[in-house]
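With TSV, C-alpha atoms inside, this is start-v6.tsv:
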```
chain	number	residue	atom	x	y	z
A	14	MET	CA	27.67	16.60	13.07
A	15	ILE	CA	27.26	14.59	16.26
A	16	ILE	CA	23.91	16.25	16.82
A	17	GLN	CA	22.85	15.31	13.30
A	18	PHE	CA	23.89	11.72	13.97
A	19	LEU	CA	21.94	11.54	17.22
A	20	VAL	CA	18.86	13.25	15.85
A	21	SER	CA	18.72	11.03	12.76
A	22	MET	CA	19.11	8.04	15.07
A	23	LEU	CA	16.17	9.21	17.14
A	24	ALA	CA	14.18	9.77	13.96
A	25	CYS	CA	14.83	6.22	12.76
A	26	LEU	CA	14.15	4.83	16.22
A	27	SER	CA	10.74	6.49	16.23
A	28	PHE	CA	9.94	5.13	12.80
A	29	ALA	CA	11.10	1.66	13.80
A	30	ILE	CA	8.60	1.77	16.64
A	31	LEU	CA	5.96	3.16	14.30
A	32	PHE	CA	6.38	0.19	11.98
A	33	CYS	CA	6.25	-2.27	14.89
A	34	ALA	CA	9.82	-3.52	14.68
A	35	PRO	CA	10.68	-5.95	17.50
A	36	ARG	CA	11.75	-4.00	20.59
A	37	ASN	CA	15.22	-5.50	20.84
A	38	GLN	CA	16.02	-4.67	17.21
A	39	CYS	CA	14.90	-1.03	17.19
A	40	ILE	CA	18.30	0.27	18.23
A	41	TYR	CA	19.99	-1.54	15.33
A	42	CYS	CA	17.48	-0.10	12.87
A	43	ALA	CA	18.27	3.32	14.29
A	44	LEU	CA	22.02	2.76	13.98
A	45	THR	CA	21.64	1.74	10.34
A	46	GLY	CA	19.63	4.84	9.54
A	47	ALA	CA	21.98	7.16	11.38
A	48	ALA	CA	25.02	5.63	9.69
A	49	GLY	CA	23.38	6.12	6.30
A	50	TRP	CA	22.49	9.72	7.02
A	51	LEU	CA	25.95	10.53	8.42
A	52	SER	CA	27.72	9.11	5.38
A	53	TYR	CA	25.33	11.07	3.16
A	54	LEU	CA	26.16	14.28	5.01
A	55	LEU	CA	29.89	13.66	4.79
A	56	LEU	CA	29.81	12.78	1.10
A	57	GLU	CA	27.28	15.35	-0.09
A	58	PRO	CA	29.57	18.42	-0.24
A	59	ALA	CA	32.22	16.55	-2.20
A	60	ALA	CA	30.19	14.25	-4.44
A	61	GLY	CA	26.81	15.97	-4.88
A	62	ALA	CA	23.44	14.71	-3.75
A	63	VAL	CA	23.06	11.90	-6.27
A	64	ALA	CA	26.43	10.18	-5.84
A	65	ALA	CA	26.23	10.69	-2.09
A	66	SER	CA	22.82	9.01	-2.01
A	67	LEU	CA	24.20	6.09	-3.96
A	68	LEU	CA	27.20	5.58	-1.69
A	69	ALA	CA	25.26	6.15	1.50
A	70	THR	CA	22.62	3.64	0.45
A	71	PHE	CA	25.35	1.19	-0.47
A	72	LEU	CA	26.98	1.48	2.95
A	73	LEU	CA	23.65	1.35	4.72
A	74	THR	CA	22.58	-1.80	2.90
A	75	ILE	CA	25.86	-3.51	3.73
A	76	LEU	CA	25.46	-2.53	7.35
A	77	SER	CA	21.91	-3.88	7.45
A	78	ARG	CA	23.10	-7.13	5.89
A	79	ILE	CA	25.77	-7.41	8.58
A	80	PHE	CA	23.18	-6.84	11.28
A	81	ALA	CA	20.85	-9.31	9.60
A	82	ALA	CA	23.51	-12.02	9.57
A	83	ALA	CA	24.66	-11.33	13.10
A	84	ARG	CA	21.19	-11.03	14.62
A	85	LYS	CA	19.53	-13.68	12.44
A	86	ASN	CA	16.76	-11.46	11.20
A	87	PRO	CA	15.56	-10.52	7.74
A	88	VAL	CA	17.53	-7.78	6.00
A	89	THR	CA	14.26	-5.96	5.28
A	90	LEU	CA	13.89	-5.11	8.95
A	91	TYR	CA	16.99	-2.91	9.04
A	92	LEU	CA	16.98	-1.76	5.45
A	93	VAL	CA	13.42	-0.45	5.34
A	94	ILE	CA	13.90	1.73	8.41
A	95	GLY	CA	17.45	2.76	7.63
A	96	ILE	CA	16.54	4.06	4.20
A	97	PHE	CA	14.04	6.62	5.51
A	98	PRO	CA	16.40	9.60	5.94
A	99	LEU	CA	17.64	9.17	2.36
A	100	VAL	CA	14.25	8.88	0.65
A	101	PRO	CA	13.74	12.14	-1.24
A	102	GLY	CA	10.73	13.44	0.68
A	103	ALA	CA	12.06	16.98	0.35
A	104	GLY	CA	12.45	16.44	-3.39
A	105	ILE	CA	8.81	15.43	-3.73
A	106	TYR	CA	7.73	18.50	-1.81
A	107	TYR	CA	9.83	21.03	-3.74
A	108	THR	CA	8.97	19.45	-7.08
A	109	SER	CA	5.27	19.80	-6.49
A	110	TYR	CA	5.74	23.24	-4.98
A	111	TYR	CA	7.56	24.61	-8.03
A	112	PHE	CA	5.03	22.95	-10.31
A	113	ILE	CA	2.21	24.77	-8.58
A	114	MET	CA	4.12	28.05	-8.49
A	115	ASN	CA	4.50	27.67	-12.26
A	116	ASP	CA	8.28	27.88	-11.92
A	117	MET	CA	8.99	25.41	-14.71
A	118	THR	CA	12.77	25.73	-14.73
A	119	ARG	CA	13.18	24.95	-11.08
A	120	PHE	CA	10.44	22.33	-11.33
A	121	ALA	CA	12.41	20.51	-14.03
A	122	VAL	CA	15.69	20.78	-12.10
A	123	LYS	CA	14.20	19.59	-8.83
A	124	GLY	CA	12.12	16.89	-10.50
A	125	MET	CA	15.12	15.46	-12.34
A	126	GLU	CA	17.19	15.55	-9.17
A	127	THR	CA	14.52	13.72	-7.18
A	128	PHE	CA	14.23	11.14	-9.90
A	129	LYS	CA	18.00	10.68	-10.03
A	130	ILE	CA	18.20	10.30	-6.25
A	131	ALA	CA	15.51	7.63	-6.31
A	132	GLY	CA	17.49	5.85	-9.04
A	133	ALA	CA	20.72	6.22	-7.07
A	134	ILE	CA	19.08	4.68	-4.00
A	135	ALA	CA	17.89	1.80	-6.15
A	136	LEU	CA	21.37	1.23	-7.56
A	137	GLY	CA	22.95	1.48	-4.12
A	138	ILE	CA	20.66	-1.24	-2.77
A	139	ILE	CA	21.20	-3.40	-5.84
A	140	PHE	CA	25.01	-3.19	-5.68
A	141	ALA	CA	25.06	-4.01	-1.99
A	142	LEU	CA	22.66	-6.93	-2.46
A	143	ALA	CA	24.86	-8.32	-5.19
A	144	ILE	CA	27.68	-9.03	-2.74
A	145	PRO	CA	27.63	-12.78	-2.15
A	146	GLN	CA	25.96	-13.90	1.06
A	147	SER	CA	28.93	-16.10	2.03
A	148	LEU	CA	30.93	-13.00	2.96
A	149	PHE	CA	28.38	-12.16	5.61
A	150	HIS	CA	28.61	-15.54	7.30
A	151	ILE	CA	31.74	-14.32	9.08
A	152	PHE	CA	29.59	-12.06	11.21
A	153	GLN	CA	27.17	-14.85	11.91
A	154	ARG	CA	29.85	-17.06	13.41
A	155	ALA	CA	31.52	-14.21	15.24
A	156	HIS	CA	28.31	-13.49	17.06
A	157	LYS	CA	27.56	-17.01	18.28
B	19	MET	CA	12.44	-32.68	19.15
B	20	SER	CA	12.79	-33.93	15.63
B	21	VAL	CA	9.97	-34.61	13.22
B	22	ASN	CA	9.92	-37.93	11.48
B	23	ILE	CA	9.03	-37.19	7.89
B	24	GLU	CA	7.74	-40.71	7.20
B	25	ASN	CA	4.88	-40.19	9.66
B	26	PHE	CA	2.96	-37.91	7.34
B	27	SER	CA	0.20	-39.65	5.47
B	28	HIS	CA	-1.24	-38.47	2.19
B	29	SER	CA	-4.11	-36.64	3.81
B	30	ASP	CA	-1.63	-34.33	5.48
B	31	THR	CA	-0.59	-32.79	2.18
B	32	LYS	CA	-3.51	-30.40	2.25
B	33	GLU	CA	-2.79	-29.32	5.79
B	34	ILE	CA	0.93	-28.81	5.19
B	35	LEU	CA	0.22	-26.76	2.11
B	36	THR	CA	-2.33	-24.67	3.99
B	37	LEU	CA	0.19	-24.03	6.75
B	38	ALA	CA	2.91	-23.05	4.31
B	39	VAL	CA	0.63	-20.70	2.38
B	40	GLU	CA	-0.72	-19.22	5.59
B	41	VAL	CA	2.84	-18.46	6.71
B	42	GLY	CA	3.55	-16.90	3.31
B	43	ASP	CA	0.33	-14.93	3.48
B	44	THR	CA	1.27	-13.41	6.83
B	45	LEU	CA	4.73	-12.56	5.54
B	46	LEU	CA	3.42	-10.93	2.37
B	47	ARG	CA	0.65	-9.02	4.13
B	48	ASN	CA	3.11	-7.40	6.48
B	49	GLY	CA	5.59	-6.22	3.91
B	50	GLY	CA	7.90	-9.14	3.17
B	51	GLU	CA	9.48	-9.20	-0.28
B	52	ILE	CA	8.41	-11.74	-2.90
B	53	TYR	CA	11.58	-13.75	-2.94
B	54	ARG	CA	11.45	-14.30	0.81
B	55	VAL	CA	7.81	-15.39	0.68
B	56	GLU	CA	8.42	-17.91	-2.12
B	57	ASP	CA	11.53	-19.18	-0.42
B	58	THR	CA	9.81	-19.61	2.94
B	59	ILE	CA	6.85	-21.50	1.47
B	60	LEU	CA	9.11	-23.86	-0.48
B	61	HIS	CA	11.34	-24.50	2.51
B	62	ILE	CA	8.41	-25.29	4.77
B	63	LEU	CA	6.93	-27.69	2.19
B	64	ASN	CA	10.28	-29.42	1.80
B	65	ALA	CA	10.79	-29.62	5.54
B	66	TYR	CA	7.55	-31.57	5.86
B	67	GLY	CA	8.54	-33.90	3.09
B	68	ILE	CA	6.68	-32.52	0.08
B	69	GLU	CA	9.09	-32.52	-2.83
B	70	HIS	CA	6.76	-31.90	-5.76
B	71	CYS	CA	5.56	-28.42	-5.32
B	72	ASP	CA	5.29	-25.12	-7.11
B	73	VAL	CA	4.82	-21.66	-5.73
B	74	TYR	CA	4.12	-18.44	-7.54
B	75	VAL	CA	3.84	-15.27	-5.52
B	76	LEU	CA	2.77	-11.80	-6.59
B	77	SER	CA	2.56	-8.65	-4.49
B	78	ASN	CA	-1.11	-9.31	-3.94
B	79	GLY	CA	-1.57	-13.02	-4.39
B	80	ILE	CA	-0.16	-16.48	-3.70
B	81	PHE	CA	-0.58	-19.52	-5.94
B	82	ALA	CA	0.76	-22.81	-4.63
B	83	SER	CA	0.33	-26.45	-5.48
B	84	ALA	CA	1.74	-29.64	-3.99
B	85	ASN	CA	2.03	-33.23	-5.21
B	86	GLU	CA	0.14	-32.38	-8.37
B	87	ASP	CA	0.93	-35.66	-10.08
B	88	ARG	CA	-0.41	-37.80	-7.24
B	89	GLU	CA	-3.84	-38.59	-5.91
B	90	ASP	CA	-3.47	-36.30	-2.90
B	91	GLY	CA	-2.54	-33.34	-5.08
B	92	CYS	CA	-3.95	-30.01	-4.01
B	93	SER	CA	-3.51	-26.34	-4.67
B	94	ILE	CA	-4.32	-23.04	-3.06
B	95	VAL	CA	-4.99	-19.60	-4.49
B	96	ARG	CA	-4.86	-16.68	-2.11
B	97	HIS	CA	-5.61	-13.04	-2.54
B	98	VAL	CA	-3.48	-10.88	-0.27
B	99	PRO	CA	-4.38	-7.17	-0.33
B	100	LEU	CA	-1.52	-4.69	-0.18
B	101	GLY	CA	-1.42	-3.61	3.41
B	102	GLY	CA	0.50	-1.97	6.18
B	103	VAL	CA	3.91	-2.93	7.47
B	104	HIS	CA	4.48	-4.84	10.70
B	105	LEU	CA	8.19	-5.65	10.94
B	106	GLY	CA	7.73	-7.53	14.20
B	107	LYS	CA	5.58	-10.14	12.49
B	108	ILE	CA	8.13	-10.57	9.70
B	109	ALA	CA	10.90	-11.18	12.21
B	110	ALA	CA	8.75	-13.62	14.19
B	111	ILE	CA	7.75	-15.58	11.07
B	112	ASN	CA	11.38	-15.67	10.02
B	113	GLN	CA	12.25	-17.29	13.33
B	114	LEU	CA	9.38	-19.76	12.99
B	115	SER	CA	10.38	-20.83	9.49
B	116	ARG	CA	13.96	-21.32	10.61
B	117	GLU	CA	12.75	-23.74	13.26
B	118	ILE	CA	10.44	-25.56	10.88
B	119	VAL	CA	13.28	-26.01	8.41
B	120	ALA	CA	15.53	-27.32	11.18
B	121	ASN	CA	12.75	-29.90	11.85
B	122	LYS	CA	12.23	-28.61	15.35
B	123	CYS	CA	8.52	-28.07	14.99
B	124	THR	CA	5.63	-30.49	14.54
B	125	LEU	CA	2.67	-29.52	12.43
B	126	THR	CA	0.41	-28.71	15.38
B	127	ASP	CA	3.19	-26.72	17.07
B	128	ALA	CA	3.74	-24.80	13.88
B	129	TRP	CA	0.05	-23.85	13.69
B	130	GLU	CA	0.10	-22.64	17.26
B	131	ARG	CA	3.25	-20.61	16.72
B	132	LEU	CA	1.85	-19.15	13.51
B	133	ASN	CA	-1.31	-18.03	15.24
B	134	ALA	CA	0.80	-16.47	17.97
B	135	CYS	CA	2.79	-14.59	15.31
B	136	LYS	CA	-0.37	-13.38	13.63
B	137	ALA	CA	-1.76	-12.17	16.93
B	138	LEU	CA	1.25	-9.92	17.64
B	139	PRO	CA	-0.43	-6.62	18.41
B	140	PRO	CA	0.42	-3.42	16.56
B	141	THR	CA	2.02	-0.71	18.65
B	142	LYS	CA	-0.46	1.09	20.89
B	143	THR	CA	-2.17	4.15	19.45
B	144	TRP	CA	-0.78	6.72	21.85
B	145	ILE	CA	2.76	5.33	21.59
B	146	ARG	CA	2.46	5.45	17.82
B	147	SER	CA	1.31	9.03	17.74
B	148	ILE	CA	4.02	10.18	20.15
B	149	PHE	CA	6.77	8.47	18.20
B	150	CYS	CA	5.36	9.66	14.90
B	151	GLY	CA	5.61	13.18	16.28
B	152	ILE	CA	9.17	12.66	17.49
B	153	GLY	CA	10.16	11.11	14.17
B	154	CYS	CA	8.67	14.00	12.18
B	155	ALA	CA	10.34	16.53	14.45
B	156	CYS	CA	13.73	14.85	14.05
B	157	PHE	CA	13.37	14.72	10.28
B	158	ALA	CA	12.32	18.36	10.15
B	159	TYR	CA	15.45	19.14	12.15
B	160	ILE	CA	17.97	17.10	10.16
B	161	PHE	CA	16.61	18.43	6.87
B	162	GLY	CA	17.62	21.91	7.91
B	163	GLY	CA	14.85	23.15	10.18
B	164	THR	CA	15.34	25.05	13.42
B	165	LEU	CA	14.25	24.00	16.88
B	166	ILE	CA	10.97	25.88	16.52
B	167	ASP	CA	10.28	24.04	13.26
B	168	ALA	CA	10.99	20.74	14.96
B	169	ILE	CA	8.60	21.50	17.80
B	170	SER	CA	5.85	22.52	15.38
B	171	ALA	CA	6.51	19.36	13.39
B	172	LEU	CA	6.23	17.34	16.59
B	173	PHE	CA	2.68	18.46	17.25
B	174	LEU	CA	1.57	18.31	13.64
B	175	GLY	CA	3.08	14.82	13.35
B	176	MET	CA	1.19	13.61	16.39
B	177	LEU	CA	-2.09	14.95	15.01
B	178	LEU	CA	-1.27	13.47	11.62
B	179	GLU	CA	-0.75	9.99	13.03
B	180	CYS	CA	-4.03	10.18	14.96
B	181	MET	CA	-5.75	11.16	11.74
B	182	LEU	CA	-4.07	8.38	9.75
B	183	LEU	CA	-5.10	5.80	12.34
B	184	TYR	CA	-8.66	7.07	12.34
B	185	MET	CA	-8.80	6.93	8.56
B	186	SER	CA	-7.35	3.43	8.39
B	187	LYS	CA	-10.02	2.33	10.85
B	188	ARG	CA	-12.65	3.80	8.58
B	189	LYS	CA	-10.99	1.91	5.69
B	190	SER	CA	-10.61	5.02	3.59
B	191	SER	CA	-8.83	4.59	0.27
B	192	LYS	CA	-5.07	4.97	0.38
B	193	PHE	CA	-5.13	7.82	-2.10
B	194	ILE	CA	-7.58	9.87	-0.10
B	195	THR	CA	-5.63	9.18	3.09
B	196	ASN	CA	-2.39	10.41	1.56
B	197	ILE	CA	-3.94	13.46	-0.06
B	198	ILE	CA	-5.77	14.52	3.07
B	199	GLY	CA	-2.77	13.76	5.29
B	200	SER	CA	-0.36	15.88	3.29
B	201	ALA	CA	-2.96	18.62	2.82
B	202	PHE	CA	-3.47	18.64	6.58
B	203	VAL	CA	0.21	19.13	7.44
B	204	THR	CA	0.59	21.83	4.79
B	205	ALA	CA	-2.46	23.66	6.09
B	206	GLY	CA	-1.18	23.31	9.64
B	207	SER	CA	2.23	24.72	8.79
B	208	LEU	CA	0.68	27.64	6.88
B	209	LEU	CA	-1.56	28.35	9.84
B	210	LEU	CA	1.45	28.51	12.14
B	211	LEU	CA	3.19	30.81	9.69
B	212	ASN	CA	0.19	33.12	9.58
B	213	LEU	CA	-0.15	33.18	13.33
B	214	GLY	CA	3.23	34.86	13.29
B	215	PHE	CA	5.50	32.08	14.45
B	216	PRO	CA	9.00	32.44	12.97
B	217	VAL	CA	8.89	29.07	11.25
B	218	MET	CA	10.25	27.77	7.97
B	219	GLN	CA	7.05	26.39	6.55
B	220	ASP	CA	8.73	24.11	3.98
B	221	LYS	CA	10.90	22.32	6.57
B	222	ILE	CA	7.88	21.52	8.72
B	223	VAL	CA	6.04	20.06	5.75
B	224	ILE	CA	9.06	18.00	4.68
B	225	GLY	CA	9.43	16.57	8.16
B	226	ASP	CA	5.75	15.83	8.50
B	227	ILE	CA	5.28	14.10	5.15
B	228	MET	CA	7.95	11.55	6.08
B	229	PRO	CA	5.42	9.03	7.51
B	230	LEU	CA	3.55	9.24	4.19
B	231	VAL	CA	6.56	9.09	1.86
B	232	PRO	CA	6.69	5.70	0.12
B	233	GLY	CA	10.11	4.66	1.41
B	234	ILE	CA	9.05	1.11	2.15
B	235	ALA	CA	7.23	0.60	-1.13
B	236	LEU	CA	10.28	1.91	-3.00
B	237	THR	CA	12.69	-0.36	-1.15
B	238	THR	CA	10.50	-3.43	-1.57
B	239	SER	CA	10.01	-2.68	-5.24
B	240	ILE	CA	13.76	-2.43	-5.82
B	241	ARG	CA	14.38	-5.68	-4.01
B	242	ASP	CA	11.68	-7.44	-6.02
B	243	LEU	CA	13.06	-6.13	-9.29
B	244	PHE	CA	16.55	-7.19	-8.27
B	245	ASN	CA	15.35	-10.73	-7.64
B	246	GLY	CA	13.72	-10.87	-11.06
B	247	ASP	CA	10.12	-10.54	-9.85
B	248	TYR	CA	9.35	-7.83	-12.37
B	249	LEU	CA	5.59	-7.91	-12.06
B	250	SER	CA	5.60	-7.53	-8.28
B	251	GLY	CA	8.35	-4.94	-8.49
B	252	ALA	CA	6.23	-2.98	-10.95
B	253	ILE	CA	3.21	-3.20	-8.65
B	254	HIS	CA	5.17	-1.80	-5.71
B	255	LEU	CA	6.84	0.82	-7.89
B	256	MET	CA	3.43	1.95	-9.12
B	257	ASP	CA	2.32	2.10	-5.51
B	258	ALA	CA	5.33	4.25	-4.61
B	259	LEU	CA	4.84	6.61	-7.56
B	260	LEU	CA	1.12	7.04	-6.95
B	261	THR	CA	1.72	7.70	-3.27
B	262	ALA	CA	4.30	10.33	-4.13
B	263	MET	CA	1.83	11.92	-6.55
B	264	CYS	CA	-0.91	11.95	-3.92
B	265	ILE	CA	1.42	13.73	-1.52
B	266	ALA	CA	2.24	16.28	-4.20
B	267	VAL	CA	-1.46	16.79	-4.92
B	268	GLY	CA	-2.28	17.25	-1.24
B	269	VAL	CA	0.51	19.76	-0.67
B	270	GLY	CA	-0.21	21.53	-3.94
B	271	THR	CA	-3.93	21.95	-3.44
B	272	VAL	CA	-3.48	23.66	-0.11
B	273	ILE	CA	-0.80	26.01	-1.44
B	274	ILE	CA	-3.02	26.99	-4.38
B	275	LEU	CA	-6.00	27.60	-2.11
B	276	TYR	CA	-3.78	29.60	0.23
B	277	ARG	CA	-2.93	32.04	-2.53
B	278	TYR	CA	-6.58	33.02	-2.78
B	279	ILE	CA	-6.85	33.89	0.88
B	280	PRO	CA	-6.57	37.65	1.12
B	281	GLY	CA	-3.84	38.85	3.42
B	282	GLY	CA	-1.87	35.63	3.26
B	283	VAL	CA	1.86	35.94	3.77
B	284	ILE	CA	3.49	35.49	0.38
B	285	LEU	CA	5.69	32.42	0.20
B	286	GLN	CA	9.17	32.92	-1.11
```
I'd like the structure from this file rewritten - as structure tokens, please.
Amino acid sequence: MIIQFLVSMLACLSFAILFCAPRNQCIYCALTGAAGWLSYLLLEPAAGAVAASLLATFLLTILSRIFAAARKNPVTLYLVIGIFPLVPGAGIYYTSYYFIMNDMTRFAVKGMETFKIAGAIALGIIFALAIPQSLFHIFQRAHK
Amino acid sequence: MSVNIENFSHSDTKEILTLAVEVGDTLLRNGGEIYRVEDTILHILNAYGIEHCDVYVLSNGIFASANEDREDGCSIVRHVPLGGVHLGKIAAINQLSREIVANKCTLTDAWERLNACKALPPTKTWIRSIFCGIGCACFAYIFGGTLIDAISALFLGMLLECMLLYMSKRKSSKFITNIIGSAFVTAGSLLLLNLGFPVMQDKIVIGDIMPLVPGIALTTSIRDLFNGDYLSGAIHLMDALLTAMCIAVGVGTVIILYRYIPGGVILQ
């Protein structure tokens, strides 16, 4: 589990650099991503992939809003990088793979799941964005 | 230093509006969401004392007007092509607009700072390709691959990023870039499999398509939709869906072709 955390952090760190995030913020982007991935891993066995994606995205968005308030940077910076481990890249691959292999049953299952995960990520972000900004001002003052 | 708002004459309206739109343009071009762009432009205009203004921003365009009912009224229409993401520029512009709003920046200063923001260089090519490789390897690993898969993904990822950079220099269409990119990593992983390496071909591909996967477009689209910018949200969503389809096409084509190669190892 610790290895997973560290590796996902390294993955997000690399992508933060790839998308030209400011040097001093890269580590926070990485932390956001790793936290999201870890909570997904912990929740997935109990709640299933879709609910786990929703909750993990929710937590990750809150975390990126905290960082954004504390470090006075746009939320996008942390959110965009942090979301990468949760984006259903594997789903896209398997869906197209089953489609080509003419395995329609598994194609439908995988396709629906990918679609649901994308929806869950959307809902997770939306719920976390709906929390009023005033709550996050605490972190802003604490950091000054 | 504080800016005295009364000092601005009517002829400055045009320049202030140009500055504000230019800031918005930079923000939008580098992946800022619509709400932030609109908000920034309005705040800058207000900070320089323009109260009568209207801004309408789409994913690929900015429309802004200031002081329409007066003699110095002017407006700007900008086309902003959908482009890459440079988070450093977004953060820098964010800082700049904060200072403008706090009236810490004169107009000339603001122009200078803006040009400095726009000139922020993208990460160097070799750094990019190394980190793309590392990122792909890590993703291949956390999605269930073994160490060998991760190492293969590392090299394929580095080659992929070099190819993507070359293609973006040649200004190839985004669709072609995505199709060829994903076809390339699939072909590479199948080659490794056929050379007899004990790799899980699917994990390598999943890790290596991560730089292509439309995570950013999806996130931006959700944020735009959430803020009520349905049109822009739909544009980004379309972008995300088409990108995903291109990846599927690229991966799929190679797998189909592979089945016609005699002696190919049969995939599970």
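Atom CA of Thr164 of chain B sits 23.4 Å away from atom CA of Gly61 of chain A.
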Within 7 Å of chain B, which residues of chain A come that close, and what is the closest atom pair and distance in Å for each? Count all atoms listed in the file and give it as a tab-separated table.
```
residue	atom	partner	partner_atom	distance
A:Gln17	CA	B:Ile160	CA	6.1
A:Val20	CA	B:Cys156	CA	5.7
A:Ser21	CA	B:Cys156	CA	6.4
A:Leu23	CA	B:Cys156	CA	6.9
A:Ala24	CA	B:Gly153	CA	4.2
A:Cys25	CA	B:Gly153	CA	6.9
A:Ser27	CA	B:Phe149	CA	4.9
A:Phe28	CA	B:Gly153	CA	6.1
A:Leu31	CA	B:Arg146	CA	5.5
A:Phe32	CA	B:His104	CA	5.5
A:Cys33	CA	B:His104	CA	5.2
A:Ala34	CA	B:Gly106	CA	4.5
A:Pro35	CA	B:Gly106	CA	4.7
A:Asn86	CA	B:Ala109	CA	6.0
A:Pro87	CA	B:Ala109	CA	6.5
A:Leu90	CA	B:Leu105	CA	6.1
A:Val93	CA	B:Ile234	CA	5.6
A:Phe97	CA	B:Gly233	CA	6.0
A:Val100	CA	B:Gly233	CA	6.0
A:Gly102	CA	B:Val231	CA	6.1
A:Ala103	CA	B:Ile224	CA	5.4
A:Ile105	CA	B:Ala266	CA	6.6
A:Tyr106	CA	B:Ala266	CA	6.4
A:Ser109	CA	B:Ala266	CA	5.2
A:Tyr110	CA	B:Gly270	CA	6.3
A:Ile113	CA	B:Gly270	CA	6.2
A:Ala135	CA	B:Ile240	CA	5.9
A:Ile139	CA	B:Phe244	CA	6.5
```
- Message: List the spatial neighbours of Ile80 of chain B as a ChimeraX atom specification - criterion: any atom at most 8 Å away, only C-alpha atoms, same-chain residues fewer than 6 positions off excluded.
- Response: /B:39,42-43,73-74,94-98
- Counting only C-alpha atoms, the residue among A:Asn37, A:Ile144, A:Ser77, A:Thr89 that lies closest to Ile52 of chain B is A:Thr89
- Tell me which protein, DNA and RNA residues are within 12 Å of Cys123 of chain B, counting all atoms listed in the file, leaving out same-chain ones fewer than 2 positions away, and put them as a ChimeraX atom specification. /B:19-23,62,65-66,113-121,125-132
Convert the current residue selection to file output with C-alpha atoms, as an mmCIF file, keeping the file's coordinate frame.
```cif
data_model
loop_
_atom_site.group_PDB
_atom_site.id
_atom_site.type_symbol
_atom_site.label_atom_id
_atom_site.label_comp_id
_atom_site.auth_asym_id
_atom_site.auth_seq_id
_atom_site.Cartn_x
_atom_site.Cartn_y
_atom_site.Cartn_z
ATOM 1 C CA MET B 19 12.440 -32.680 19.150
ATOM 2 C CA SER B 20 12.790 -33.930 15.630
ATOM 3 C CA VAL B 21 9.970 -34.610 13.220
ATOM 4 C CA ASN B 22 9.920 -37.930 11.480
ATOM 5 C CA ILE B 23 9.030 -37.190 7.890
ATOM 6 C CA ILE B 62 8.410 -25.290 4.770
ATOM 7 C CA ALA B 65 10.790 -29.620 5.540
ATOM 8 C CA TYR B 66 7.550 -31.570 5.860
ATOM 9 C CA GLN B 113 12.250 -17.290 13.330
ATOM 10 C CA LEU B 114 9.380 -19.760 12.990
ATOM 11 C CA SER B 115 10.380 -20.830 9.490
ATOM 12 C CA ARG B 116 13.960 -21.320 10.610
ATOM 13 C CA GLU B 117 12.750 -23.740 13.260
ATOM 14 C CA ILE B 118 10.440 -25.560 10.880
ATOM 15 C CA VAL B 119 13.280 -26.010 8.410
ATOM 16 C CA ALA B 120 15.530 -27.320 11.180
ATOM 17 C CA ASN B 121 12.750 -29.900 11.850
ATOM 18 C CA LEU B 125 2.670 -29.520 12.430
ATOM 19 C CA THR B 126 0.410 -28.710 15.380
ATOM 20 C CA ASP B 127 3.190 -26.720 17.070
ATOM 21 C CA ALA B 128 3.740 -24.800 13.880
ATOM 22 C CA TRP B 129 0.050 -23.850 13.690
ATOM 23 C CA GLU B 130 0.100 -22.640 17.260
ATOM 24 C CA ARG B 131 3.250 -20.610 16.720
ATOM 25 C CA LEU B 132 1.850 -19.150 13.510
#
```
- Task: Name all residues at most 10 Å from segment 47-60 of chain A (count all atoms listed in the file; drop same-chain ones fewer than 3 positions away) and give them as a PyMOL selection string.
- Result: (chain A and resi 14-15+17-26+41-44+63-74+76+95-99) or (chain B and resi 160)
Just need the box for segment 65-78 of chain A, edges along x, y and z, holding every atom the file lists for it with 4 Å tacked onto each side, so centre and edge lengths in Å to one decimal, as AutoDock Vina command-line options.
```
--center_x 24.6 --center_y 1.8 --center_z 1.7 --size_x 13.3 --size_y 25.8 --size_z 19.4
```
- atom CA of Val122 of chain A to atom CA of Thr108 of chain A, distance in Å rounded to a single decimal: 8.5 Å
- Please check which residues have atoms at most 12 Å from (-9.4, 7.2, 1.9) in the file's coordinates, counting all atoms listed in the file, and write them as a PyMOL selection string. chain B and resi 181-199+264
Pick out the residues sitting within 8 Å of Ile75 of chain A, and hand them over as a short mmCIF file (atom, residue, chain, number, x, y, z; two decimals) with C-alpha atoms, keeping the file's coordinate frame; count all atoms listed in the file, and ignore anything fewer than 4 positions along from it in its own chain.
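Now in around_35.cif:
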```
data_model
loop_
_atom_site.label_atom_id
_atom_site.label_comp_id
_atom_site.auth_asym_id
_atom_site.auth_seq_id
_atom_site.Cartn_x
_atom_site.Cartn_y
_atom_site.Cartn_z
CA PHE A 71 25.35 1.19 -0.47
CA ILE A 79 25.77 -7.41 8.58
CA ALA A 141 25.06 -4.01 -1.99
CA LEU A 142 22.66 -6.93 -2.46
#
```
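The space separating atom CA of Ala258 of chain B from atom CA of Pro101 of chain A comes to 12.0 Å.
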- Choose the residue, out of A:Phe80, A:Phe149, A:Phe120, A:Tyr107, that has the smallest atom-to-atom separation from Thr45 of chain A; count all atoms listed in the file.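 Once distances to Thr45 of chain A are computed over all atoms listed in the file, the minimum belongs to A:Phe80.
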